[in-house]
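Reproduced below: my_file.txt, with compact mmCIF, C-alpha atoms.
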# COMPACT_ATOMS: atom_id res chain seq x y z
CA MET P 92 87.12 217.23 -84.62
CA SER P 93 86.32 220.93 -84.77
CA ARG P 94 84.82 222.71 -81.80
CA ILE P 95 82.45 225.64 -81.44
CA GLU P 96 81.65 228.03 -78.62
CA VAL P 97 78.14 228.37 -77.24
CA THR P 98 76.67 230.09 -74.19
CA VAL P 99 74.78 227.83 -71.82
CA ASN P 100 72.98 229.31 -68.79
CA GLY P 101 75.20 232.35 -69.08
CA GLU P 102 78.50 230.40 -69.30
CA THR P 103 80.62 230.09 -72.43
CA ARG P 104 81.44 226.50 -73.32
CA SER P 105 83.45 224.87 -76.04
CA VAL P 106 81.64 221.86 -77.46
CA PRO P 107 82.15 219.58 -80.48
CA ALA P 108 80.67 220.90 -83.72
CA ASP P 109 77.76 219.03 -85.33
CA LEU P 110 75.99 218.18 -82.08
CA THR P 111 72.22 217.83 -82.02
CA LEU P 112 70.39 219.15 -78.99
CA THR P 113 69.92 215.55 -77.85
CA GLY P 114 73.69 215.01 -78.07
CA PHE P 115 74.34 218.29 -76.30
CA LEU P 116 72.12 217.30 -73.35
CA GLU P 117 73.87 213.92 -73.21
CA LEU P 118 77.21 215.71 -73.06
CA LEU P 119 75.93 217.71 -70.09
CA GLU P 120 74.57 214.49 -68.49
CA LEU P 121 71.04 215.92 -68.37
CA ASP P 122 67.84 213.90 -68.66
CA PRO P 123 65.89 215.53 -71.51
CA ARG P 124 62.60 214.58 -69.86
CA LYS P 125 63.37 216.69 -66.81
CA VAL P 126 64.46 219.95 -68.43
CA ALA P 127 63.25 222.53 -70.91
CA VAL P 128 65.48 224.33 -73.38
CA GLU P 129 65.33 227.79 -74.86
CA ARG P 130 67.62 228.41 -77.84
CA ASN P 131 68.28 231.98 -78.92
CA LEU P 132 65.17 233.12 -77.03
CA GLU P 133 62.95 230.53 -78.69
CA ILE P 134 61.53 227.40 -77.09
CA ALA P 135 63.13 224.23 -78.38
CA PRO P 136 60.23 221.75 -78.57
CA ARG P 137 61.12 218.40 -77.01
CA SER P 138 60.00 216.59 -80.16
CA GLN P 139 62.67 218.48 -82.13
CA TYR P 140 65.72 217.70 -79.94
CA ASP P 141 67.07 215.16 -82.45
CA ALA P 142 66.64 217.59 -85.33
CA ILE P 143 68.03 220.76 -83.76
CA LYS P 144 71.72 221.32 -84.55
CA ILE P 145 73.79 223.30 -82.10
CA ALA P 146 75.50 226.20 -83.92
CA ALA P 147 78.42 228.45 -82.99
CA GLY P 148 77.26 231.41 -80.91
CA ASP P 149 74.00 229.76 -79.79
CA ARG P 150 72.63 231.07 -76.54
CA LEU P 151 70.96 228.26 -74.65
CA GLU P 152 68.98 228.30 -71.43
CA ILE P 153 68.38 224.93 -69.80
CA VAL P 154 65.88 225.04 -66.97
CA GLN P 155 64.01 222.74 -64.62
CA PHE P 156 61.34 222.93 -61.95
CA VAL P 157 62.62 223.76 -58.48
CA GLY P 158 60.88 224.51 -55.20
CA GLY P 159 59.08 227.84 -55.16
CA GLY P 160 56.09 229.67 -53.76
CA MET V 881 38.59 218.68 -49.00
CA SER V 882 37.84 215.04 -49.59
CA ASP V 883 37.27 214.56 -45.85
CA ALA V 884 33.93 213.23 -44.73
CA ALA V 885 33.48 216.46 -42.74
CA SER V 886 32.43 218.28 -45.87
CA LYS V 887 29.32 216.62 -47.20
CA THR V 888 27.46 219.62 -48.55
CA ASP V 889 30.35 221.38 -50.27
CA THR V 890 31.34 221.14 -53.90
CA PRO V 891 35.04 220.82 -54.75
CA LEU V 892 37.19 223.68 -55.97
CA VAL V 893 37.37 223.76 -59.75
CA VAL V 894 40.04 225.90 -61.47
CA ALA V 895 39.96 226.17 -65.26
CA GLY V 896 38.05 222.91 -65.49
CA ARG V 897 40.37 221.02 -63.14
CA THR V 898 38.77 219.63 -59.98
CA LEU V 899 40.96 219.83 -56.89
CA ASN V 900 40.45 217.58 -53.89
CA SER V 901 41.75 220.21 -51.49
CA ARG V 902 41.26 223.95 -51.19
CA LEU V 903 44.80 224.25 -49.91
CA ILE V 904 47.60 224.91 -52.41
CA ILE V 905 51.14 224.85 -51.08
CA GLY V 906 54.42 226.27 -52.26
CA THR V 907 57.58 224.19 -52.45
CA GLY V 908 60.19 226.78 -51.52
CA LYS V 909 62.22 227.25 -48.33
CA TYR V 910 62.02 223.66 -47.05
CA LYS V 911 65.10 222.06 -45.50
CA SER V 912 64.97 219.39 -48.19
CA TYR V 913 62.75 218.11 -50.95
CA ALA V 914 62.11 215.06 -48.75
CA GLN V 915 60.67 217.26 -45.99
CA ASN V 916 58.71 219.14 -48.62
CA ALA V 917 57.18 215.91 -49.90
CA GLU V 918 56.25 214.83 -46.38
CA ALA V 919 54.59 218.19 -45.65
CA LEU V 920 52.67 217.91 -48.90
CA VAL V 921 51.19 214.57 -47.87
CA ALA V 922 50.29 215.96 -44.43
CA SER V 923 48.63 219.03 -45.95
CA GLY V 924 46.31 217.00 -48.16
CA ALA V 925 46.93 219.48 -50.98
CA ASP V 926 46.98 218.23 -54.52
CA MET V 927 48.29 221.36 -56.18
CA ILE V 928 51.77 222.78 -55.59
CA THR V 929 53.50 225.86 -56.93
CA VAL V 930 56.93 225.40 -58.47
CA ALA V 931 59.53 227.78 -59.85
CA LEU V 932 61.58 227.44 -63.02
CA ARG V 933 65.34 227.95 -62.73
CA ARG V 934 68.54 227.23 -64.60
CA VAL V 935 69.88 223.70 -64.23
CA ASN V 936 73.11 223.55 -62.23
CA LEU V 937 75.51 222.47 -64.96
CA SER V 938 78.42 221.88 -62.60
CA ASP V 939 76.45 219.21 -60.72
CA PRO V 940 73.90 217.54 -62.96
CA THR V 941 73.30 214.78 -60.41
CA GLN V 942 71.95 217.08 -57.66
CA GLU V 943 68.50 216.28 -56.22
CA ARG V 944 65.51 217.36 -58.23
CA LEU V 945 62.04 218.29 -57.06
CA VAL V 946 60.47 215.83 -59.48
CA ASP V 947 62.43 212.98 -57.88
CA HIS V 948 60.49 213.61 -54.66
CA ILE V 949 57.12 214.91 -55.82
CA ASP V 950 55.54 213.12 -58.77
CA PRO V 951 54.11 215.47 -61.42
CA LYS V 952 51.69 212.70 -62.37
CA LYS V 953 50.25 212.59 -58.84
CA TYR V 954 50.13 216.30 -58.06
CA VAL V 955 49.15 219.34 -60.10
CA PHE V 956 52.32 221.39 -60.67
CA LEU V 957 51.57 225.09 -60.94
CA PRO V 958 54.61 226.87 -62.42
CA ASN V 959 55.08 230.41 -61.15
CA THR V 960 56.87 233.47 -62.45
CA ALA V 961 58.48 234.43 -59.15
CA GLY V 962 61.36 236.81 -59.73
CA CYS V 963 59.84 238.29 -62.88
CA PHE V 964 59.49 242.04 -62.99
CA THR V 965 58.06 242.56 -66.46
CA GLY V 966 55.29 240.99 -68.49
CA GLU V 967 57.82 239.79 -71.08
CA ASP V 968 59.91 238.01 -68.41
CA ALA V 969 56.79 236.28 -67.14
CA VAL V 970 55.67 235.16 -70.58
CA ARG V 971 59.16 233.87 -71.45
CA THR V 972 59.33 231.91 -68.18
CA LEU V 973 55.91 230.35 -68.60
CA ARG V 974 56.54 229.34 -72.20
CA LEU V 975 59.52 227.38 -70.90
CA ALA V 976 57.44 226.00 -68.05
CA ARG V 977 54.83 224.81 -70.52
CA GLU V 978 57.55 222.98 -72.46
CA ALA V 979 59.04 221.53 -69.26
CA GLY V 980 55.74 220.32 -67.88
CA GLY V 981 53.46 220.03 -70.83
CA TRP V 982 50.50 221.83 -69.23
CA ASP V 983 48.88 225.24 -69.60
CA LEU V 984 47.80 226.05 -66.04
CA VAL V 985 50.17 228.61 -64.58
CA LYS V 986 50.53 231.13 -61.78
CA LEU V 987 51.40 234.63 -62.87
CA GLU V 988 53.16 236.99 -60.52
CA VAL V 989 54.83 240.15 -61.75
CA LEU V 990 56.55 241.81 -58.84
CA SER V 991 57.78 245.31 -58.24
CA ASP V 992 60.05 246.27 -55.35
CA PRO V 993 61.97 243.36 -53.71
CA LYS V 994 61.45 245.05 -50.35
CA HIS V 995 57.71 244.40 -50.27
CA LEU V 996 57.27 242.08 -53.29
CA TYR V 997 54.00 243.82 -54.00
CA PRO V 998 52.65 242.98 -57.46
CA ASP V 999 53.04 245.51 -60.26
CA MET V 1000 49.40 245.48 -61.26
CA GLU V 1001 49.77 247.36 -64.53
CA GLU V 1002 52.34 244.80 -65.73
CA THR V 1003 50.35 241.94 -64.21
CA LEU V 1004 47.25 242.89 -66.18
CA ARG V 1005 49.26 243.27 -69.39
CA ALA V 1006 50.95 239.88 -68.86
CA THR V 1007 47.60 238.23 -68.09
CA ASP V 1008 46.29 239.47 -71.41
CA MET V 1009 49.40 238.19 -73.26
CA LEU V 1010 49.26 234.76 -71.61
CA VAL V 1011 45.53 234.27 -72.12
CA LYS V 1012 46.01 235.05 -75.81
CA GLU V 1013 48.72 232.35 -75.93
CA GLY V 1014 46.30 229.80 -74.56
CA PHE V 1015 47.45 229.66 -70.94
CA ASP V 1016 45.05 229.19 -68.02
CA VAL V 1017 46.31 231.93 -65.74
CA MET V 1018 45.91 232.08 -61.98
CA VAL V 1019 46.94 235.59 -61.07
CA TYR V 1020 48.71 236.79 -57.91
CA CYS V 1021 47.44 240.32 -57.36
CA SER V 1022 46.98 243.15 -54.93
CA ASP V 1023 43.81 243.20 -52.82
CA ASP V 1024 42.32 245.84 -55.11
CA PRO V 1025 38.74 244.95 -56.14
CA VAL V 1026 38.98 247.16 -59.25
CA TYR V 1027 42.06 245.39 -60.60
CA ALA V 1028 40.54 242.03 -59.66
CA LYS V 1029 37.63 242.78 -61.99
CA LYS V 1030 40.01 243.83 -64.75
CA LEU V 1031 42.00 240.60 -64.41
CA GLU V 1032 38.84 238.56 -64.61
CA ALA V 1033 37.75 240.48 -67.71
CA ALA V 1034 41.18 239.75 -69.24
CA GLY V 1035 40.52 236.03 -68.79
CA ALA V 1036 42.23 235.10 -65.49
CA CYS V 1037 40.97 231.69 -64.34
CA ALA V 1038 41.57 232.49 -60.66
CA ILE V 1039 42.10 235.72 -58.75
CA MET V 1040 44.75 235.40 -56.05
CA PRO V 1041 44.97 238.50 -53.87
CA LEU V 1042 47.65 238.74 -51.24
CA GLY V 1043 46.57 238.61 -47.61
CA ALA V 1044 49.82 240.34 -46.57
CA PRO V 1045 53.28 240.68 -48.15
CA ILE V 1046 54.86 237.43 -49.39
CA GLY V 1047 56.64 235.57 -46.61
CA SER V 1048 55.52 238.03 -43.92
CA GLY V 1049 53.10 235.76 -42.06
CA LEU V 1050 51.09 238.79 -40.95
CA GLY V 1051 47.68 237.31 -41.73
CA ILE V 1052 44.80 238.90 -43.65
CA GLN V 1053 45.47 242.64 -43.51
CA ASN V 1054 42.48 243.91 -45.44
CA SER V 1055 39.52 241.63 -45.00
CA VAL V 1056 37.16 244.32 -46.34
CA ASN V 1057 38.90 244.26 -49.73
CA ILE V 1058 39.18 240.48 -49.84
CA ARG V 1059 35.45 240.21 -49.21
CA LEU V 1060 34.68 242.78 -51.90
CA ILE V 1061 36.79 240.81 -54.38
CA ILE V 1062 34.98 237.58 -53.47
CA GLU V 1063 31.56 239.17 -53.82
CA GLU V 1064 32.34 240.42 -57.32
CA ALA V 1065 34.31 237.49 -58.74
CA LYS V 1066 32.84 234.75 -60.88
CA VAL V 1067 36.12 232.79 -60.92
CA PRO V 1068 37.74 231.26 -57.80
CA VAL V 1069 39.36 233.68 -55.35
CA ILE V 1070 42.38 232.22 -53.60
CA VAL V 1071 44.27 234.16 -50.96
CA ASP V 1072 47.93 233.89 -51.94
CA ALA V 1073 50.61 234.99 -49.51
CA GLY V 1074 50.58 236.46 -46.04
CA VAL V 1075 49.17 233.58 -44.00
CA GLY V 1076 51.23 232.94 -40.85
CA THR V 1077 49.32 230.33 -38.90
CA ALA V 1078 46.17 228.22 -38.97
CA SER V 1079 43.78 230.93 -37.76
CA ASP V 1080 44.87 233.22 -40.64
CA ALA V 1081 43.91 230.53 -43.13
CA ALA V 1082 40.60 229.98 -41.35
CA VAL V 1083 39.87 233.73 -41.52
CA ALA V 1084 40.45 233.71 -45.28
CA MET V 1085 38.08 230.80 -45.73
CA GLU V 1086 35.44 232.34 -43.41
CA LEU V 1087 35.47 235.41 -45.64
CA GLY V 1088 34.36 233.11 -48.46
CA CYS V 1089 37.63 232.50 -50.29
CA ASP V 1090 37.66 229.43 -52.49
CA GLY V 1091 41.12 228.43 -51.35
CA VAL V 1092 44.41 229.52 -49.82
CA LEU V 1093 47.90 229.29 -51.27
CA MET V 1094 50.78 229.34 -48.79
CA ASN V 1095 54.43 228.47 -48.58
CA THR V 1096 56.42 230.09 -45.77
CA ALA V 1097 53.80 229.48 -43.07
CA ILE V 1098 54.41 225.75 -43.46
CA ALA V 1099 58.05 225.68 -44.58
CA GLU V 1100 59.29 227.96 -41.79
CA ALA V 1101 57.19 226.54 -38.97
CA LYS V 1102 59.23 224.75 -36.28
CA ASP V 1103 57.52 221.56 -37.38
CA PRO V 1104 56.52 221.95 -41.03
CA ILE V 1105 54.75 218.59 -41.14
CA GLY V 1106 52.65 219.49 -38.08
CA MET V 1107 51.82 222.90 -39.52
CA ALA V 1108 50.85 221.38 -42.85
CA ARG V 1109 48.34 219.18 -41.01
CA ALA V 1110 47.09 222.19 -39.01
CA MET V 1111 46.54 224.15 -42.22
CA LYS V 1112 44.55 221.31 -43.71
CA HIS V 1113 42.18 221.43 -40.72
CA ALA V 1114 42.10 225.24 -40.70
CA LEU V 1115 40.89 225.36 -44.28
CA ILE V 1116 38.23 222.76 -43.62
CA ALA V 1117 37.10 224.57 -40.44
CA GLY V 1118 37.04 227.97 -42.14
CA ARG V 1119 35.19 226.67 -45.16
CA GLU V 1120 32.58 224.85 -43.07
CA ALA V 1121 32.08 227.95 -40.88
CA TYR V 1122 31.58 230.05 -44.02
CA LEU V 1123 29.02 227.60 -45.40
CA ALA V 1124 27.29 227.29 -42.03
CA GLY V 1125 27.01 231.08 -41.70
CA ARG V 1126 28.26 232.72 -38.55
CA MET V 1127 25.97 234.25 -35.91
CA PRO V 1128 25.65 238.02 -35.90
CA LYS V 1129 28.02 239.96 -33.66
CA LYS V 1130 26.23 241.67 -30.76
CA ARG V 1131 27.20 244.51 -28.49
CA TYR V 1132 26.04 242.88 -25.28
CA ALA V 1133 25.79 239.50 -23.64
CA ASP V 1134 22.91 237.16 -24.41
CA PRO V 1135 22.52 234.26 -21.96
CA SER V 1136 22.51 230.78 -23.38
CA SER V 1137 20.37 229.31 -20.57
CA PRO V 1138 16.65 230.21 -20.35
CA LEU V 1139 15.70 232.98 -17.93
CA ALA V 1140 12.21 231.50 -17.43
CA GLY V 1141 11.79 228.98 -14.60
CA LEU V 1142 14.60 230.36 -12.46
CA ILE V 1143 14.23 229.26 -8.84

Take the structure I supplied and represent it as structure tokens, if you would.
Amino acid sequence: MSRIEVTVNGETRSVPADLTLTGFLELLELDPRKVAVERNLEIAPRSQYDAIKIAAGDRLEIVQFVGGG
Amino acid sequence: MSDAASKTDTPLVVAGRTLNSRLIIGTGKYKSYAQNAEALVASGADMITVALRRVNLSDPTQERLVDHIDPKKYVFLPNTAGCFTGEDAVRTLRLAREAGGWDLVKLEVLSDPKHLYPDMEETLRATDMLVKEGFDVMVYCSDDPVYAKKLEAAGACAIMPLGAPIGSGLGIQNSVNIRLIIEEAKVPVIVDAGVGTASDAAVAMELGCDGVLMNTAIAEAKDPIGMARAMKHALIAGREAYLAGRMPKKRYADPSSPLAGLI
């Protein structure tokens, strides 16, 4: 299976090609309901996670709510 | 302020949302999310500020805020802490809207990390951008009555002037300005930052503020749960004193017992 490189939260990672965003979050063991994703500076709407394909060179930010003032 | 003590008051309403308490608390700096959750219950607040940060990819199982504080039970108010430009703030809040699914947000665009004073030019610009994107924006701002008016004109749903620098606990430093802002504003005015102890919160409410937002005063108290409870009472006391109307200050003594009929 071919692999591609993407940048997630500033780190380069090698992941299998042909992943959807849903599959990508599963790979990272993240609950999609508890995070938000920005892909190449654009919001990835939660309703589109199954449709969005991860591509080589993608820059992803995966965030969550944390304590703050 | 659901307590029976306040029978004549109306609740605080921000952008159409009715809050049961005039106290809003931050969720930073606590020893644990568990302690944070306990302080929240003690404070009686039903709105909390939260920050948005990268997920820790090396430990996806680490504790999450939402495991301790239920977003269905409390109003989560995402902030833009750490943002220094309008664009940063807008980017952060777009993500927050996707993460939470709601439009009510707290905007703060900071300047120098030494004093964390808001950059008001950027803050005003970001307010304008966010309002145009459909956000309800509660705005952390300086205690400048002129900028407060400009923010309101730009569509801010609450004006949140600092009482003193963030995390300083110095109390209300410029009560003249805070009062001027309150007198002019047609949206809620909430003192955000600077409160150190209960009397500071009471002072803010006695000035006529609609609410107080605090974090460090509770989180860094020796007993955060006890301080959360104290703040709840301070806000109620300050609000009731404001509504009751204080006596005028006088230069000299005025005996409380009648002078007539002295033996």

Determine, counting all atoms listed in the file, which protein, DNA and RNA residues have an atom within 8 Å of an atom of range 132-145 of chain P; residues of the same chain fewer than 5 positions away are not included. Present the result as a compact mmCIF listing (two decimals) with C-alpha atoms, keeping the file's coordinate frame.
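Below you can see selection-v3.txt, which holds the result:
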# COMPACT_ATOMS: atom_id res chain seq x y z
CA ALA P 108 80.67 220.90 -83.72
CA ASP P 109 77.76 219.03 -85.33
CA LEU P 110 75.99 218.18 -82.08
CA THR P 111 72.22 217.83 -82.02
CA LEU P 112 70.39 219.15 -78.99
CA THR P 113 69.92 215.55 -77.85
CA GLY P 114 73.69 215.01 -78.07
CA PHE P 115 74.34 218.29 -76.30
CA PRO P 123 65.89 215.53 -71.51
CA ALA P 127 63.25 222.53 -70.91
CA ARG P 150 72.63 231.07 -76.54
CA LEU P 151 70.96 228.26 -74.65
CA ARG V 974 56.54 229.34 -72.20
CA LEU V 975 59.52 227.38 -70.90
CA GLU V 978 57.55 222.98 -72.46

Check: Which residue, V:Ala1099, V:Ile1061, V:Gly1091, V:Leu984, has the smallest gap to chain P when you use all atoms listed in the file?
Finding: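 Going through V:Ala1099, V:Ile1061, V:Gly1091, V:Leu984 one by one, the smallest distance to chain P is for V:Ala1099.
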
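Rounded to one decimal, CA of Ile905 in chain V and CA of Asn1095 in chain V lie 5.5 Å from each other.
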
Next item on the list: Kindly determine which residues of chain V lie within 10 Å of chain P, considering all atoms listed in the file, and give the answer as a VMD selection string.
Entry: chain V and resid 904 to 910 912 to 913 916 928 to 941 943 to 947 956 to 961 971 to 972 974 to 981 986 1046 to 1047 1072 to 1073 1093 to 1096

Item checked: Length of the CA of Val893 in chain V to CA of Met927 in chain V vector [Å] -> 11.7 Å

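CA of Ser1079 in chain V to CA of Ala1114 in chain V spans 6.6 Å [interatomic distance, one decimal].
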
Check: Looking at all atoms listed in the file, which of V:Ala1117, V:Pro1068, V:Gln915, V:Leu1060 is the one that sits closest to Leu899 in chain V?
Finding: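 The shortest atom-to-atom distance to Leu899 in chain V comes from V:Pro1068.
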
Margin query: Between V:Glu1002, V:Ser923, V:Tyr1027, V:Gly962, which residue has the minimum interatomic distance to Ala1110 in chain V, considering only C-alpha atoms?
Written below: V:Ser923

Put the listed atoms of range 986-1005 of chain V in a box along x, y and z with 6 Å added on every side and give me the centre and edge lengths in Å to one decimal, as AutoDock Vina command-line options.
--center_x 54.6 --center_y 239.2 --center_z -59.8 --size_x 26.7 --size_y 28.2 --size_z 31.1

Next item on the list: Identify, on the basis of only C-alpha atoms, every residue whose closest approach to Val97 in chain P does not exceed 6 Å; exclude the query and any residue fewer than 4 positions from it along the same chain; express the result as a PyMOL selection string.
Entry: chain P and resi 103-104+147-149

Checklist line | Within 10 Å of range 1041-1045 of chain V using only C-alpha atoms, minus same-chain residues under 3 positions, as a ChimeraX atom specification | finding: /V:994-998,1019-1025,1028,1038,1048-1055,1057-1058,1061,1069-1076,1080-1081,1084,1092-1093

Checklist line | Given only C-alpha atoms as the counted atoms, nearest of V:Arg1131, V:Arg1126, V:Arg897, V:Arg902 to Asp1016 in chain V | finding: V:Arg897
